[in-house]
file entry.tsv (TSV, C-alpha atoms)
chain	number	residue	atom	x	y	z
A	1	MET	CA	77.88	147.23	65.58
A	2	ARG	CA	80.61	144.75	66.46
A	3	SER	CA	82.35	145.14	63.07
A	4	ASN	CA	82.49	148.92	63.51
A	5	ILE	CA	84.14	148.49	66.90
A	6	SER	CA	86.71	146.02	65.56
A	7	LEU	CA	87.48	148.34	62.64
A	8	GLN	CA	88.00	151.23	65.04
A	9	VAL	CA	90.33	149.16	67.22
A	10	VAL	CA	92.44	148.01	64.27
A	11	MET	CA	92.63	151.38	62.58
A	12	SER	CA	93.06	153.49	65.71
A	13	MET	CA	96.44	155.12	66.09
A	14	GLY	CA	96.02	155.33	69.87
A	15	ASN	CA	96.11	151.56	70.24
A	16	LYS	CA	99.70	150.69	69.47
A	17	SER	CA	100.83	147.11	69.60
A	18	PHE	CA	103.72	145.79	71.65
A	19	ASN	CA	105.88	145.70	68.52
A	20	ASP	CA	105.14	149.35	67.75
A	21	LYS	CA	106.05	150.35	71.29
A	22	MET	CA	109.20	148.21	71.20
A	23	MET	CA	110.29	149.87	67.96
A	24	LEU	CA	109.78	153.31	69.47
A	25	LEU	CA	111.48	152.56	72.79
A	26	ILE	CA	114.38	150.35	71.69
A	27	GLY	CA	114.88	150.40	67.93
A	28	VAL	CA	114.76	154.12	67.31
A	29	PRO	CA	117.17	155.09	70.13
A	30	ILE	CA	119.68	152.40	69.05
A	31	VAL	CA	119.69	153.60	65.47
A	32	LEU	CA	119.85	157.25	66.47
A	33	ALA	CA	122.72	156.61	68.91
A	34	TRP	CA	124.68	154.65	66.30
A	35	VAL	CA	124.15	157.35	63.65
A	36	ALA	CA	125.06	160.08	66.15
A	37	PHE	CA	128.26	158.28	67.14
A	38	ALA	CA	129.17	157.72	63.48
A	39	CYS	CA	128.60	161.41	62.76
A	40	LEU	CA	130.70	162.34	65.80
A	41	VAL	CA	133.57	160.17	64.53
A	42	ILE	CA	133.36	161.75	61.08
A	43	TYR	CA	133.20	165.27	62.52
A	44	SER	CA	136.05	164.58	64.91
A	45	GLY	CA	138.09	163.11	62.04
A	46	LEU	CA	137.63	166.28	60.04
A	47	GLN	CA	138.60	168.50	62.98
A	48	ASP	CA	141.45	166.55	64.58
A	49	ASP	CA	144.26	164.73	62.78
A	50	LYS	CA	144.70	162.49	65.81
A	51	VAL	CA	141.34	160.84	65.08
A	52	ILE	CA	142.34	160.23	61.45
A	53	ASN	CA	145.51	158.48	62.63
A	54	ASP	CA	143.44	156.22	64.89
A	55	ILE	CA	140.47	155.76	62.54
A	56	ASP	CA	140.82	151.96	62.63
A	57	GLY	CA	140.06	151.98	66.36
A	58	TYR	CA	136.98	154.13	65.85
A	59	ALA	CA	135.81	151.97	62.94
A	60	THR	CA	136.22	148.89	65.14
A	61	LEU	CA	134.28	150.56	67.93
A	62	LEU	CA	131.48	151.43	65.48
A	63	ALA	CA	131.43	147.82	64.25
A	64	ILE	CA	131.35	146.45	67.82
A	65	ILE	CA	128.43	148.72	68.72
A	66	GLY	CA	126.72	148.33	65.36
A	67	GLY	CA	126.93	144.53	65.10
A	68	PRO	CA	124.63	143.56	67.97
A	69	ALA	CA	122.49	146.62	67.36
A	70	LEU	CA	122.08	145.57	63.75
A	71	LEU	CA	120.98	142.05	64.75
A	72	ILE	CA	118.49	143.38	67.27
A	73	VAL	CA	117.11	146.02	64.97
A	74	THR	CA	116.89	143.60	62.03
A	75	SER	CA	114.89	141.07	64.04
A	76	MET	CA	112.65	143.80	65.44
A	77	LEU	CA	112.07	145.19	61.95
A	78	GLU	CA	111.15	141.75	60.62
A	79	LEU	CA	108.68	141.24	63.46
A	80	TRP	CA	107.23	144.70	62.94
A	81	LYS	CA	106.97	144.20	59.16
A	82	SER	CA	105.12	140.91	59.62
A	83	GLU	CA	102.67	142.60	61.99
A	84	GLN	CA	102.12	145.46	59.56
A	85	GLN	CA	101.61	142.98	56.71
A	86	GLY	CA	99.00	141.18	58.81
A	87	GLU	CA	97.13	144.45	59.34
A	88	ILE	CA	97.33	145.20	55.61
A	89	ASN	CA	95.98	141.74	54.80
A	90	LEU	CA	93.13	142.25	57.28
A	91	HIS	CA	92.08	145.56	55.75
A	92	PRO	CA	90.37	144.18	52.58
A	93	ASP	CA	88.33	141.77	54.72
A	94	LEU	CA	87.14	144.64	56.89
A	95	VAL	CA	86.28	146.72	53.83
A	96	MET	CA	84.30	143.82	52.33
A	97	GLN	CA	82.50	143.25	55.64
A	98	ASN	CA	81.59	146.95	55.92
A	99	GLN	CA	80.41	146.94	52.29
A	100	GLN	CA	78.23	143.91	52.99
A	101	ILE	CA	76.73	145.63	56.05
A	102	ALA	CA	76.04	148.76	53.99
A	103	ASN	CA	74.36	146.68	51.28
A	104	LEU	CA	72.21	144.86	53.84
A	105	ARG	CA	71.20	148.16	55.45
A	106	ALA	CA	70.30	149.63	52.05
A	107	GLU	CA	68.24	146.54	51.21
A	108	HIS	CA	66.47	146.76	54.58
A	109	ASP	CA	65.75	150.47	54.06
A	110	ARG	CA	64.33	149.73	50.59
A	111	THR	CA	62.15	146.94	51.98
A	112	MET	CA	60.87	149.18	54.77
A	113	ALA	CA	60.14	152.01	52.31
A	114	ILE	CA	58.21	149.62	50.05
A	115	SER	CA	56.22	148.33	53.03
A	116	ALA	CA	55.44	151.87	54.18
A	117	GLN	CA	54.35	152.85	50.66
A	118	GLN	CA	52.13	149.77	50.34
A	119	HIS	CA	50.57	150.50	53.74
A	120	SER	CA	49.94	154.11	52.77
A	121	GLN	CA	48.33	153.04	49.49
A	122	GLN	CA	46.16	150.48	51.27
A	123	MET	CA	44.98	153.07	53.80
A	124	ASP	CA	44.20	155.55	51.01
A	125	ALA	CA	42.24	152.85	49.15
A	126	GLU	CA	40.27	151.97	52.28
A	127	GLU	CA	39.48	155.65	52.88
A	128	ARG	CA	38.24	156.04	49.27
A	129	ARG	CA	36.08	152.91	49.60
A	130	VAL	CA	34.49	154.33	52.74
A	131	LYS	CA	33.87	157.70	51.06
A	132	LEU	CA	32.31	156.00	48.01
A	133	GLY	CA	30.16	153.83	50.22
A	134	ILE	CA	31.64	150.57	49.02
A	135	LEU	CA	32.51	149.75	52.60
A	136	GLY	CA	30.60	150.97	55.57
A	137	ASN	CA	32.19	153.42	57.97
A	138	PRO	CA	33.43	151.40	60.95
A	139	SER	CA	32.23	154.08	63.39
A	140	GLU	CA	28.67	153.94	61.97
A	141	GLU	CA	28.58	150.13	62.17
A	142	GLU	CA	29.37	150.20	65.89
A	143	GLU	CA	26.31	152.34	66.68
call {"tool": "encode", "arguments": {"input": "entry.tsv", "output": "structure tokens"}}
result
Amino acid sequence: MRSNISLQVVMSMGNKSFNDKMMLLIGVPIVLAWVAFACLVIYSGLQDDKVINDIDGYATLLAIIGGPALLIVTSMLELWKSEQQGEINLHPDLVMQNQQIANLRAEHDRTMAISAQQHSQQMDAEERRVKLGILGNPSEEEE
């Protein structure tokens, strides 16, 4: 029971880790803002010659914004990748554990079926012995 709960917790999409939330709240907006600003500079450069003349200033501004953002996003991505790798490494262990539980359950079910069959055969044999008179009927012996 406990292994099923732990598997559900690990594999559940509703339970996001701190790193997943941080990537969604910080990393994605930074990257999207940087890409949007870069696209705006390119679009403005195509529309207005004034931007083309001052492209060095815009490139510098993109580098100033992109430098720290790149460091932050790179470190966040490394942290996130290591967490994801840990989950991937954990998966085979969970699969093996679930397989072992399934094998133990199957073995238990087989053992219980064999016991039930043996009991049924023993009861049938006892009933035949009573009918043949090899053993006395327990209800007649009590009287």
call {"tool": "atom_distance", "arguments": {"input": "entry.tsv", "atom1": "atom CA of A:Asp56", "atom2": "atom CA of A:Thr74"}}
result
25.4 Å
call {"tool": "closest_residue", "arguments": {"input": "entry.tsv", "among": "A:Ile114, A:Leu79, A:Leu40, A:Met22", "to": "A:Ala59", "atoms": "only C-alpha atoms"}}
result
A:Leu40
call {"tool": "atom_distance", "arguments": {"input": "entry.tsv", "atom1": "atom CA of A:Lys50", "atom2": "atom CA of A:Gly67"}}
result
25.3 Å
call {"tool": "closest_residue", "arguments": {"input": "entry.tsv", "among": "A:Ser75, A:Ser44, A:Asn98, A:Ser115", "to": "A:Met23", "atoms": "all atoms listed in the file"}}
result
A:Ser75
call {"tool": "closest_residue", "arguments": {"input": "entry.tsv", "among": "A:Ala106, A:Met96, A:Met76, A:Ile134", "to": "A:Lys21", "atoms": "only C-alpha atoms"}}
result
A:Met76
call {"tool": "residues_near_point", "arguments": {"input": "entry.tsv", "point": "(124.8, 154.7, 63.6)", "cutoff": "12 Å", "atoms": "all atoms listed in the file", "output": "PyMOL selection string"}}
result
chain A and resi 27-42+59+61-70+73
call {"tool": "atom_distance", "arguments": {"input": "entry.tsv", "atom1": "atom CA of A:Glu78", "atom2": "atom CA of A:Phe18"}}
result
13.9 Å
